[in-house]
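K.L.:
Just work.tsv, nothing more (TSV, C-alpha atoms):
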chain	number	residue	atom	x	y	z
A	578	MET	CA	16.74	-25.73	73.30
A	579	ASN	CA	17.76	-24.78	69.79
A	580	SER	CA	15.64	-22.72	67.45
A	581	SER	CA	14.32	-25.56	65.35
A	582	THR	CA	13.02	-27.33	68.48
A	583	ILE	CA	11.35	-24.13	69.56
A	584	ARG	CA	9.68	-23.77	66.19
A	585	THR	CA	8.47	-27.36	66.28
A	586	THR	CA	7.13	-26.95	69.81
A	587	PHE	CA	5.42	-23.73	68.82
A	588	ALA	CA	3.82	-25.39	65.78
A	589	ALA	CA	2.68	-28.30	67.93
A	590	THR	CA	1.14	-25.91	70.45
A	591	VAL	CA	-0.72	-24.03	67.76
A	592	LEU	CA	-1.97	-27.31	66.36
A	593	SER	CA	-3.16	-28.63	69.68
A	594	VAL	CA	-4.91	-25.38	70.51
A	595	ALA	CA	-6.62	-25.55	67.15
A	596	MET	CA	-7.78	-29.04	68.06
A	597	LEU	CA	-9.16	-28.07	71.45
A	598	PRO	CA	-12.78	-29.07	71.60
A	599	GLY	CA	-14.93	-26.00	72.17
A	600	VAL	CA	-12.27	-23.53	71.20
A	601	GLN	CA	-13.53	-23.33	67.66
A	602	ALA	CA	-17.17	-23.10	66.78
A	603	SER	CA	-18.79	-26.47	67.26
A	604	GLU	CA	-18.58	-27.21	63.55
A	605	HIS	CA	-17.09	-30.59	64.31
A	606	SER	CA	-19.92	-31.60	66.61
A	607	GLY	CA	-22.07	-34.25	65.04
A	608	THR	CA	-22.45	-37.87	64.15
A	609	TYR	CA	-19.52	-39.71	62.63
A	610	ALA	CA	-19.76	-43.07	60.92
A	611	PHE	CA	-16.75	-45.37	61.04
A	612	ASP	CA	-14.84	-45.36	57.77
A	613	THR	CA	-15.49	-49.03	56.99
A	614	GLU	CA	-15.32	-48.44	53.27
A	615	GLY	CA	-11.85	-46.93	53.35
A	616	GLN	CA	-10.82	-49.37	56.11
A	617	HIS	CA	-9.48	-46.70	58.43
A	618	GLN	CA	-10.44	-48.73	61.43
A	619	PHE	CA	-8.80	-51.50	63.37
A	620	ILE	CA	-9.68	-53.60	66.36
A	621	ASN	CA	-6.48	-55.34	67.26
A	622	PHE	CA	-5.92	-57.69	70.12
A	623	LYS	CA	-2.75	-58.76	71.81
A	624	ILE	CA	-2.32	-61.79	74.03
A	625	SER	CA	0.67	-63.54	75.48
A	626	HIS	CA	1.80	-66.84	74.02
A	627	LEU	CA	2.99	-68.87	77.00
A	628	GLY	CA	4.71	-65.77	78.32
A	629	PHE	CA	7.29	-65.98	75.53
A	630	SER	CA	5.93	-63.60	72.92
A	631	TRP	CA	2.95	-61.48	71.94
A	632	LEU	CA	0.34	-62.73	69.55
A	633	TYR	CA	-1.51	-60.05	67.61
A	634	GLY	CA	-4.79	-60.49	65.82
A	635	ARG	CA	-7.68	-58.38	64.73
A	636	PHE	CA	-11.33	-58.31	63.82
A	637	ASN	CA	-11.74	-57.47	60.14
A	638	GLU	CA	-15.43	-56.69	60.14
A	639	PHE	CA	-17.06	-54.23	62.45
A	640	ASP	CA	-19.05	-51.06	62.18
A	641	GLY	CA	-19.97	-48.22	64.47
A	642	GLU	CA	-20.57	-44.57	64.90
A	643	PHE	CA	-19.92	-41.89	67.41
A	644	VAL	CA	-21.59	-38.63	68.28
A	645	TYR	CA	-19.12	-35.95	69.19
A	646	ASP	CA	-20.25	-33.00	71.24
A	647	ALA	CA	-17.63	-30.29	70.99
A	648	GLU	CA	-19.22	-28.09	73.67
A	649	ASN	CA	-19.45	-30.90	76.19
A	650	PRO	CA	-17.23	-33.76	75.06
A	651	GLU	CA	-18.43	-35.83	78.03
A	652	ASN	CA	-21.83	-35.98	76.34
A	653	SER	CA	-20.34	-37.79	73.34
A	654	LYS	CA	-21.37	-41.36	72.58
A	655	VAL	CA	-20.04	-44.33	70.70
A	656	THR	CA	-21.45	-47.68	69.60
A	657	VAL	CA	-19.60	-50.52	67.89
A	658	THR	CA	-20.76	-53.87	66.52
A	659	VAL	CA	-18.14	-56.48	65.73
A	660	GLN	CA	-18.69	-59.55	63.56
A	661	THR	CA	-16.90	-62.13	65.68
A	662	GLU	CA	-16.48	-64.50	62.74
A	663	SER	CA	-14.04	-62.04	61.19
A	664	VAL	CA	-11.36	-62.79	63.79
A	665	ASP	CA	-8.01	-62.98	62.06
A	666	SER	CA	-4.71	-63.98	63.62
A	667	ASN	CA	-3.06	-64.80	60.29
A	668	HIS	CA	-3.33	-68.55	60.88
A	669	GLY	CA	-6.33	-70.39	59.45
A	670	GLU	CA	-6.41	-73.31	61.88
A	671	ARG	CA	-6.05	-70.99	64.87
A	672	ASP	CA	-8.76	-68.68	63.55
A	673	LYS	CA	-11.07	-71.67	63.12
A	674	HIS	CA	-10.30	-72.63	66.71
A	675	LEU	CA	-10.91	-69.08	67.93
A	676	ARG	CA	-14.35	-69.17	66.26
A	677	SER	CA	-15.23	-72.47	67.92
A	678	ASP	CA	-17.01	-72.90	71.25
A	679	ASP	CA	-13.65	-73.00	73.01
A	680	PHE	CA	-13.39	-69.25	72.49
A	681	LEU	CA	-15.69	-66.84	70.63
A	682	HIS	CA	-18.38	-69.43	69.79
A	683	VAL	CA	-19.40	-67.38	66.77
A	684	ASP	CA	-22.34	-69.60	65.80
A	685	GLU	CA	-23.99	-68.77	69.10
A	686	TYR	CA	-22.62	-65.23	69.51
A	687	PRO	CA	-22.09	-63.79	66.02
A	688	THR	CA	-21.61	-60.23	67.23
A	689	ALA	CA	-19.87	-58.42	70.02
A	690	THR	CA	-21.10	-54.92	70.84
A	691	PHE	CA	-19.93	-51.92	72.78
A	692	THR	CA	-22.22	-49.09	73.84
A	693	SER	CA	-20.82	-46.18	75.79
A	694	LYS	CA	-22.65	-45.07	78.93
A	695	ARG	CA	-20.60	-42.13	80.08
A	696	ILE	CA	-17.37	-40.35	79.33
A	697	GLU	CA	-14.92	-39.00	81.85
A	698	LEU	CA	-12.51	-36.47	80.42
A	699	GLY	CA	-8.88	-36.99	81.25
A	700	ASP	CA	-6.36	-34.52	82.57
A	701	GLU	CA	-4.64	-34.26	79.25
A	702	GLN	CA	-6.34	-32.55	76.36
A	703	GLY	CA	-8.05	-35.06	74.04
A	704	GLU	CA	-7.91	-37.93	76.53
A	705	ALA	CA	-10.91	-39.58	78.08
A	706	ASP	CA	-12.18	-42.72	79.72
A	707	ILE	CA	-15.08	-44.12	77.78
A	708	ILE	CA	-17.14	-46.27	80.10
A	709	GLY	CA	-19.67	-48.58	78.54
A	710	ASP	CA	-21.10	-52.04	78.20
A	711	LEU	CA	-19.22	-54.64	76.22
A	712	THR	CA	-21.19	-57.70	75.19
A	713	LEU	CA	-18.82	-60.48	74.22
A	714	HIS	CA	-19.50	-64.21	74.15
A	715	GLY	CA	-23.01	-63.44	75.39
A	716	VAL	CA	-21.74	-61.75	78.56
A	717	THR	CA	-22.30	-58.05	79.15
A	718	ARG	CA	-19.89	-56.23	81.42
A	719	GLU	CA	-18.91	-52.67	82.02
A	720	ILE	CA	-15.47	-51.84	80.71
A	721	THR	CA	-13.40	-48.70	80.45
A	722	LEU	CA	-11.70	-47.69	77.23
A	723	ASP	CA	-8.67	-45.51	77.71
A	724	ALA	CA	-9.23	-43.25	74.70
A	725	GLU	CA	-7.32	-40.52	73.00
A	726	MET	CA	-8.41	-38.27	70.19
A	727	VAL	CA	-5.74	-38.55	67.51
A	728	GLY	CA	-6.95	-35.69	65.35
A	729	HIS	CA	-9.74	-34.23	63.30
A	730	GLY	CA	-10.27	-31.89	60.40
A	731	GLU	CA	-11.27	-31.57	56.82
A	732	ASP	CA	-10.02	-34.36	54.62
A	733	PRO	CA	-8.71	-33.67	51.08
A	734	TRP	CA	-11.97	-34.91	49.50
A	735	GLY	CA	-14.52	-32.56	51.01
A	736	GLY	CA	-15.40	-34.54	54.12
A	737	TYR	CA	-14.73	-34.05	57.80
A	738	ARG	CA	-12.99	-36.73	59.79
A	739	MET	CA	-12.16	-37.43	63.39
A	740	GLY	CA	-10.10	-40.30	64.75
A	741	PHE	CA	-9.50	-41.97	68.08
A	742	GLU	CA	-7.36	-44.66	69.53
A	743	ALA	CA	-8.47	-46.56	72.60
A	744	GLU	CA	-7.11	-49.38	74.71
A	745	THR	CA	-8.44	-51.68	77.33
A	746	GLU	CA	-7.62	-54.99	78.93
A	747	LEU	CA	-10.10	-57.81	79.38
A	748	ARG	CA	-9.97	-60.94	81.51
A	749	LEU	CA	-11.19	-63.70	79.22
A	750	ALA	CA	-12.80	-65.55	82.13
A	751	ASP	CA	-14.91	-62.47	82.89
A	752	PHE	CA	-16.61	-63.09	79.57
A	753	GLY	CA	-17.02	-66.81	80.07
A	754	ILE	CA	-14.06	-67.79	77.91
A	755	THR	CA	-12.35	-70.26	80.16
A	756	LYS	CA	-10.13	-72.30	77.85
A	757	ASN	CA	-6.80	-72.63	79.61
A	758	LEU	CA	-4.05	-70.82	77.71
A	759	GLY	CA	-1.78	-70.53	80.69
A	760	GLU	CA	-1.34	-67.95	83.42
A	761	SER	CA	0.25	-65.37	81.18
A	762	ALA	CA	-2.68	-65.45	78.77
A	763	GLU	CA	-5.61	-64.86	81.08
A	764	THR	CA	-6.02	-61.33	79.81
A	765	VAL	CA	-6.10	-59.86	76.37
A	766	GLU	CA	-5.38	-56.28	75.38
A	767	LEU	CA	-7.58	-54.54	72.87
A	768	ILE	CA	-6.20	-51.70	70.81
A	769	ILE	CA	-8.91	-49.94	68.85
A	770	SER	CA	-8.13	-47.35	66.23
A	771	VAL	CA	-11.00	-45.78	64.33
A	772	GLU	CA	-11.66	-42.88	62.05
A	773	GLY	CA	-15.16	-41.47	61.65
A	774	VAL	CA	-16.54	-39.50	58.73
A	775	LYS	CA	-18.95	-36.76	59.71
A	776	GLN	CA	-22.43	-37.45	58.39
B	632	MET	CA	-0.39	-115.22	44.28
B	633	GLN	CA	-3.26	-113.40	42.61
B	634	LEU	CA	-2.47	-109.67	42.61
B	635	SER	CA	-5.05	-108.45	40.08
B	636	ASN	CA	-8.80	-108.79	40.19
B	637	SER	CA	-10.60	-111.33	38.05
B	638	ARG	CA	-14.24	-111.43	37.04
B	639	LYS	CA	-15.02	-113.59	40.08
B	640	SER	CA	-12.53	-112.54	42.70
B	641	TYR	CA	-10.63	-109.59	44.16
B	642	GLY	CA	-6.84	-109.75	43.97
B	643	TRP	CA	-4.43	-109.03	46.82
B	644	VAL	CA	-3.78	-105.42	45.77
B	645	ALA	CA	-7.48	-104.48	45.92
B	646	ILE	CA	-7.92	-106.38	49.20
B	647	LEU	CA	-4.92	-104.77	50.87
B	648	LEU	CA	-5.92	-101.30	49.65
B	649	HIS	CA	-9.44	-101.85	50.98
B	650	TRP	CA	-8.34	-102.78	54.50
B	651	LEU	CA	-5.50	-100.29	54.66
B	652	ILE	CA	-7.84	-97.45	53.72
B	653	ALA	CA	-10.52	-98.69	56.11
B	654	LEU	CA	-7.94	-98.59	58.89
B	655	ALA	CA	-6.77	-95.11	57.86
B	656	VAL	CA	-10.32	-93.74	57.64
B	657	PHE	CA	-11.35	-94.97	61.08
B	658	GLY	CA	-7.95	-94.10	62.53
B	659	LEU	CA	-8.13	-90.56	61.18
B	660	PHE	CA	-11.69	-90.16	62.41
B	661	GLY	CA	-10.75	-91.32	65.90
B	662	LEU	CA	-7.62	-89.19	65.98
B	663	GLY	CA	-9.54	-86.17	64.71
B	664	TRP	CA	-12.26	-86.71	67.28
B	665	TYR	CA	-9.67	-86.94	70.04
B	666	MET	CA	-7.39	-84.10	68.99
B	667	VAL	CA	-9.98	-81.32	68.74
B	668	ASP	CA	-10.67	-81.59	72.46
B	669	LEU	CA	-7.04	-81.57	73.55
B	670	GLY	CA	-6.02	-78.78	75.88
B	671	TYR	CA	-3.23	-76.35	75.25
B	672	TYR	CA	-0.95	-78.12	77.72
B	673	ASP	CA	-1.53	-81.68	76.50
B	674	ASP	CA	1.52	-83.42	75.07
B	675	TRP	CA	-0.41	-84.39	71.96
B	676	TYR	CA	-1.72	-80.88	71.28
B	677	ARG	CA	0.65	-80.41	68.37
B	678	THR	CA	1.63	-84.01	67.55
B	679	ALA	CA	-1.89	-85.35	66.96
B	680	PRO	CA	-2.81	-82.76	64.31
B	681	ASP	CA	0.60	-83.26	62.65
B	682	ILE	CA	-0.05	-86.98	62.32
B	683	HIS	CA	-3.66	-86.40	61.25
B	684	ARG	CA	-2.64	-84.04	58.44
B	685	SER	CA	0.27	-86.22	57.29
B	686	VAL	CA	-1.71	-89.48	57.20
B	687	GLY	CA	-4.62	-87.70	55.51
B	688	LEU	CA	-2.44	-86.47	52.66
B	689	ILE	CA	-0.75	-89.85	52.23
B	690	LEU	CA	-4.24	-91.34	52.11
B	691	ALA	CA	-5.00	-89.01	49.21
B	692	ALA	CA	-2.16	-90.56	47.21
B	693	VAL	CA	-3.23	-94.09	48.17
B	694	MET	CA	-6.80	-93.31	47.11
B	695	VAL	CA	-5.59	-92.16	43.70
B	696	VAL	CA	-3.77	-95.48	43.31
B	697	ARG	CA	-6.89	-97.32	44.43
B	698	VAL	CA	-9.18	-95.57	41.96
B	699	ALA	CA	-6.68	-96.18	39.14
B	700	TRP	CA	-6.42	-99.83	40.17
B	701	ARG	CA	-10.20	-100.13	40.14
B	702	LEU	CA	-10.48	-98.53	36.71
B	703	PHE	CA	-7.80	-100.67	35.09
B	704	ASN	CA	-8.79	-103.96	36.65
B	705	PRO	CA	-11.75	-106.22	36.01
B	706	ARG	CA	-14.49	-105.71	38.56
B	707	PRO	CA	-15.63	-108.96	40.20
B	708	GLU	CA	-19.24	-109.64	39.28
B	709	PRO	CA	-21.91	-109.56	41.97
B	710	LEU	CA	-22.67	-112.92	43.50
B	711	ALA	CA	-25.45	-114.88	41.84
B	712	GLY	CA	-27.79	-114.77	44.82
B	713	HIS	CA	-27.81	-110.96	45.14
B	714	SER	CA	-30.98	-109.08	44.29
B	715	ARG	CA	-31.06	-106.19	41.87
B	716	PHE	CA	-31.67	-103.86	44.86
B	717	GLU	CA	-28.65	-105.21	46.74
B	718	ILE	CA	-26.43	-104.82	43.71
B	719	TRP	CA	-27.43	-101.21	43.09
B	720	ALA	CA	-27.44	-100.27	46.78
B	721	ALA	CA	-23.95	-101.71	47.16
B	722	TYR	CA	-22.72	-99.95	44.03
B	723	GLY	CA	-24.23	-96.64	45.19
B	724	ALA	CA	-22.74	-97.02	48.66
B	725	HIS	CA	-19.28	-97.84	47.30
B	726	LEU	CA	-19.34	-94.86	44.96
B	727	THR	CA	-20.51	-92.57	47.79
B	728	LEU	CA	-17.74	-93.88	50.06
B	729	TYR	CA	-15.15	-92.97	47.43
B	730	VAL	CA	-16.64	-89.50	47.00
B	731	LEU	CA	-16.85	-88.90	50.76
B	732	ILE	CA	-13.23	-89.95	51.27
B	733	PHE	CA	-12.11	-87.43	48.66
B	734	VAL	CA	-14.37	-84.69	50.05
B	735	ALA	CA	-13.00	-85.36	53.54
B	736	ILE	CA	-9.39	-85.25	52.34
B	737	VAL	CA	-9.80	-82.12	50.23
B	738	SER	CA	-11.74	-80.22	52.90
B	739	GLY	CA	-9.19	-81.21	55.54
B	740	TYR	CA	-6.33	-80.05	53.35
B	741	LEU	CA	-8.12	-76.75	52.70
B	742	ILE	CA	-8.54	-76.06	56.44
B	743	SER	CA	-4.79	-76.22	56.92
B	744	THR	CA	-3.92	-74.25	53.81
B	745	ALA	CA	-6.66	-71.57	53.93
B	746	ASP	CA	-4.12	-69.09	55.30
B	747	GLY	CA	-1.75	-69.79	52.41
B	748	SER	CA	0.59	-72.02	54.39
B	749	SER	CA	1.65	-75.46	53.24
B	750	VAL	CA	1.09	-78.79	54.98
B	751	GLN	CA	4.13	-80.62	56.24
B	752	VAL	CA	3.82	-84.39	55.74
B	753	PHE	CA	5.84	-85.95	58.59
B	754	ASN	CA	9.33	-84.56	58.13
B	755	TRP	CA	9.29	-85.80	54.61
B	756	PHE	CA	7.83	-83.27	52.17
B	757	SER	CA	5.35	-80.42	52.18
B	758	VAL	CA	2.28	-79.76	50.08
B	759	PRO	CA	1.73	-76.10	49.23
B	760	SER	CA	-1.55	-74.23	49.41
B	761	VAL	CA	-3.52	-73.97	46.17
B	762	THR	CA	-5.99	-71.37	47.42
B	763	GLY	CA	-3.50	-68.95	48.90
B	764	ARG	CA	-4.94	-66.93	51.72
B	765	MET	CA	-8.73	-66.88	51.60
B	766	ARG	CA	-10.48	-65.12	54.44
B	767	GLU	CA	-12.69	-67.40	56.52
B	768	LEU	CA	-12.32	-70.32	54.10
B	769	GLU	CA	-11.22	-72.49	57.03
B	770	THR	CA	-14.65	-72.13	58.63
B	771	ILE	CA	-16.59	-73.22	55.54
B	772	VAL	CA	-14.36	-76.18	54.73
B	773	GLY	CA	-14.22	-76.96	58.45
B	774	ASP	CA	-17.97	-77.57	58.39
B	775	VAL	CA	-17.61	-79.64	55.22
B	776	HIS	CA	-14.87	-81.70	56.87
B	777	TYR	CA	-16.92	-82.26	60.01
B	778	TRP	CA	-20.07	-83.44	58.21
B	779	SER	CA	-18.37	-85.38	55.41
B	780	THR	CA	-16.29	-87.38	57.88
B	781	TRP	CA	-19.33	-88.18	60.01
B	782	ALA	CA	-21.20	-89.24	56.88
B	783	LEU	CA	-18.19	-91.29	55.83
B	784	VAL	CA	-17.87	-93.31	59.03
B	785	GLY	CA	-21.66	-93.64	59.20
B	786	LEU	CA	-21.88	-95.05	55.71
B	787	ALA	CA	-18.80	-97.21	56.29
B	788	GLY	CA	-20.62	-98.60	59.33
B	789	VAL	CA	-23.66	-99.43	57.19
B	790	HIS	CA	-21.28	-100.98	54.64
B	791	ALA	CA	-19.77	-103.17	57.41
B	792	LEU	CA	-23.20	-104.17	58.71
B	793	ALA	CA	-24.25	-105.14	55.20
B	794	SER	CA	-21.18	-107.37	54.90
B	795	MET	CA	-22.11	-108.99	58.24
B	796	LYS	CA	-25.62	-109.57	56.96
B	797	HIS	CA	-24.24	-111.36	53.90
B	798	HIS	CA	-21.82	-113.38	56.00
B	799	PHE	CA	-24.01	-114.43	58.91
B	800	ILE	CA	-27.57	-114.31	57.53
B	801	ASP	CA	-27.24	-115.00	53.82
B	802	ARG	CA	-24.09	-117.08	54.43
B	803	ASP	CA	-22.63	-116.08	51.07
B	804	ARG	CA	-19.05	-115.21	50.01
B	805	THR	CA	-19.46	-111.40	49.97
B	806	LEU	CA	-17.24	-110.75	52.99
B	807	ARG	CA	-14.91	-113.70	52.46
B	808	ARG	CA	-13.92	-112.54	49.01
B	809	MET	CA	-12.66	-109.29	50.50
B	810	LEU	CA	-10.45	-111.30	52.85
B	811	LYS	CA	-8.51	-113.31	50.28
B	812	PRO	CA	-8.61	-114.09	46.56
B	813	ASP	CA	-10.36	-117.27	45.51
Output the structure of this file as structure tokens.

P.N.:
Amino acid sequence: MNSSTIRTTFAATVLSVAMLPGVQASEHSGTYAFDTEGQHQFINFKISHLGFSWLYGRFNEFDGEFVYDAENPENSKVTVTVQTESVDSNHGERDKHLRSDDFLHVDEYPTATFTSKRIELGDEQGEADIIGDLTLHGVTREITLDAEMVGHGEDPWGGYRMGFEAETELRLADFGITKNLGESAETVELIISVEGVKQ
Amino acid sequence: MQLSNSRKSYGWVAILLHWLIALAVFGLFGLGWYMVDLGYYDDWYRTAPDIHRSVGLILAAVMVVRVAWRLFNPRPEPLAGHSRFEIWAAYGAHLTLYVLIFVAIVSGYLISTADGSSVQVFNWFSVPSVTGRMRELETIVGDVHYWSTWALVGLAGVHALASMKHHFIDRDRTLRRMLKPD
């Protein structure tokens, strides 16, 4: 290990200690609203196309907030509401099809929601399983988001921000979406990246 | 052979355009109806929409020719036995059919080009997007396309029934003069 690596590792350690929930005063406890205005939030999905490649898409319009409890992070909460019509896979005809009753049926189910029920902290610092109810296509099921705190701190404009990335995998049929896209496309991965501004 | 219209009769060009477009309109409606329910693994899943888009855009060009032909040709006068109501109802229906065909074509084109991509007409030429990428445009024009095409075939059905009424009940030349020039 050369000296520059040691310095980098040391800096990283100091940074992660500084980010430990509960180590500092609980100044970063509180309610955070998703930064919809600045668009520092993404709900991306990834699904196989015939087993040959990955198709990525996203939902452009959604809002949410989370309550972060620095003393007891497992008491934190998050809610998200997604406008299903805003699905965007960079192909107009496909997006129209995704909005139809073959898939999201947005006329009938204009929103999808997630409400956390409990949080199980992971072994690694800043990692947690967020367990909650996802309502999609009119079906409510319990899912687990594999979440990681990316960072938090004062932003350059006088606010306080905290960001997370979370992933989960859904079986489309579990949510009543049964259009046959082939065996390789029975599940879809969700990759959610959000930044909240402390209120 | 009488190509142009006269004051009392349609010419071959108008007659052929009429039946060709009637065939295209009902063909496109049927194909559209069929293709939206195709599954991912059906052979026609990609071919049917390709044909639908291509024929639709060629129809646009044919419709422009038809409107120009109508404007620069004499319009055959209504038959003597037709009432004022029949004449105006027919005129209104014909005008509405023209408008609906154009609305259907434009809305269909906009669905395919709402993401900024162009439409490939067979392997012949491509028509670029005029809107560029417009978020969720495809949904709005999709609804317009759905309802305008239903209205179009509905009104075309009424139009056909009216011609039957003239042919079988009134026993006049209304339908016959759209079959061949006098």

K.L.:
What separation in Å, quoted to one decimal, exists between CA of Val644 in chain A and CA of Thr661 in chain A?

P.N.:
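The value is 24.1 Å.
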
K.L.:
Would you list the residues near (-11.3, -37.6, 55.4), meaning any protein, DNA or RNA residue with an atom at most 12 Å from that point in file coordinates, counting all atoms listed in the file, as a VMD selection string?

P.N.:
chain A and resid 609 to 612 614 to 617 728 to 740 772 to 776

K.L.:
List every residue of chain A that has an atom at most 8 Å from any atom of chain B, and for each one report the closest atom pair and its distance in Å to one decimal, counting all atoms listed in the file, with rows sorted by chain and then by increasing residue number, as a tab-separated table.

P.N.:
residue	atom	partner	partner_atom	distance
A:Glu662	CA	B:Glu767	CA	7.8
A:Ser663	CA	B:Glu767	CA	7.2
A:Asn667	CA	B:Asp746	CA	6.7
A:His668	CA	B:Asp746	CA	5.7
A:Gly669	CA	B:Asp746	CA	4.9
A:Glu670	CA	B:Ser743	CA	6.0
A:Asp672	CA	B:Glu769	CA	7.9
A:Lys673	CA	B:Thr770	CA	5.8
A:Lys756	CA	B:Gly670	CA	7.9
A:Asn757	CA	B:Tyr671	CA	6.8
A:Leu758	CA	B:Tyr671	CA	6.1

K.L.:
Pick the closest to Lys654 in chain A from A:Gly628, A:Gly641, A:Gly699, A:Gly759: which is it, counting all atoms listed in the file?

P.N.:
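For Lys654 in chain A, the nearest of the candidates is A:Gly641.
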
K.L.:
Rank nothing, just name the residue among B:Ser714, B:Thr727, B:Ser637, B:Asn704 nearest to Leu786 in chain B, using only C-alpha atoms.

P.N.:
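Closest to Leu786 in chain B of all the choices is B:Thr727.
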
K.L.:
Would you mind reading off the distance between CA of Leu662 in chain B and CA of Val693 in chain B, one decimal, in Å?

P.N.:
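Between CA of Leu662 in chain B and CA of Val693 in chain B the gap is 19.0 Å.
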
K.L.:
Find the residues with any atom within 12 Å of (1.3, -65.1, 72.2); use all atoms listed in the file and the coordinates as given in the file, and write the answer as a PyMOL selection string.

P.N.:
chain A and resi 622-634+666+671+758-766

K.L.:
One decimal, in Å: what's the spacing between CA of Pro812 in chain B and CA of Leu702 in chain B?

P.N.:
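For CA of Pro812 in chain B relative to CA of Leu702 in chain B, the distance reads 18.5 Å.
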
K.L.:
Determine the nearest neighbour of Ala692 in chain B from the options B:Ala645, B:Ile736, B:Val656, B:Leu731, counting only C-alpha atoms.

P.N.:
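Looking only at the distances to Ala692 in chain B, the closest residue turns out to be B:Ile736.
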
K.L.:
Output, as JSON, the centre and edge lengths in Å (one decimal) of the axis-aligned box that contains all listed atoms of range 785-801 of chain B with 4 Å of margin on each side.

P.N.:
{"center_x": -23.2, "center_y": -104.3, "center_z": 56.6, "size_x": 16.8, "size_y": 29.4, "size_z": 13.5}

K.L.:
Which residue out of B:Val789, B:Val750, B:Leu647, B:Val758 has the minimum interatomic distance to Ala724 in chain B when only C-alpha atoms are used?

P.N.:
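That would be B:Val789, the residue with the smallest distance to Ala724 in chain B.
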
K.L.:
Residues within 7 Å of Asp646 in chain A, please, as JSON, numbers by chain. Count only C-alpha atoms; anything in the same chain fewer than 5 positions from it doesn't count.

P.N.:
{"A": [606, 607, 652, 653]}

K.L.:
Do a neighbour search on Pro687 in chain A at 10 Å with all atoms listed in the file, toss out local chain neighbours closer than 6 positions, and write the hits as a ChimeraX atom specification.

P.N.:
/A:659-663,676,681,713-715

K.L.:
Show me, as a list in words, the residues that have an atom within 7 Å of Ser640 in chain B when counting only C-alpha atoms, minus same-chain residues fewer than 2 positions from it.

P.N.:
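Counting only the stated atoms, we get Asn636, Ser637, Arg638, Gly642, Pro707, Arg808, Pro812 and Asp813 of chain B.
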
K.L.:
Restricting the calculation to all atoms listed in the file, which member of B:Phe753, B:Ile646, B:Gln633, B:Val775 is positioned closest to Thr678 in chain B?

P.N.:
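Selected residue with least distance to Thr678 in chain B: B:Phe753.
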
K.L.:
In terms of the shortest atom-to-atom distance over only C-alpha atoms, which of B:Leu654, B:Val686, B:Ala679, B:Leu659 is closest to Val752 in chain B?

P.N.:
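Using only C-alpha atoms, Val752 in chain B sits closest to B:Val686.
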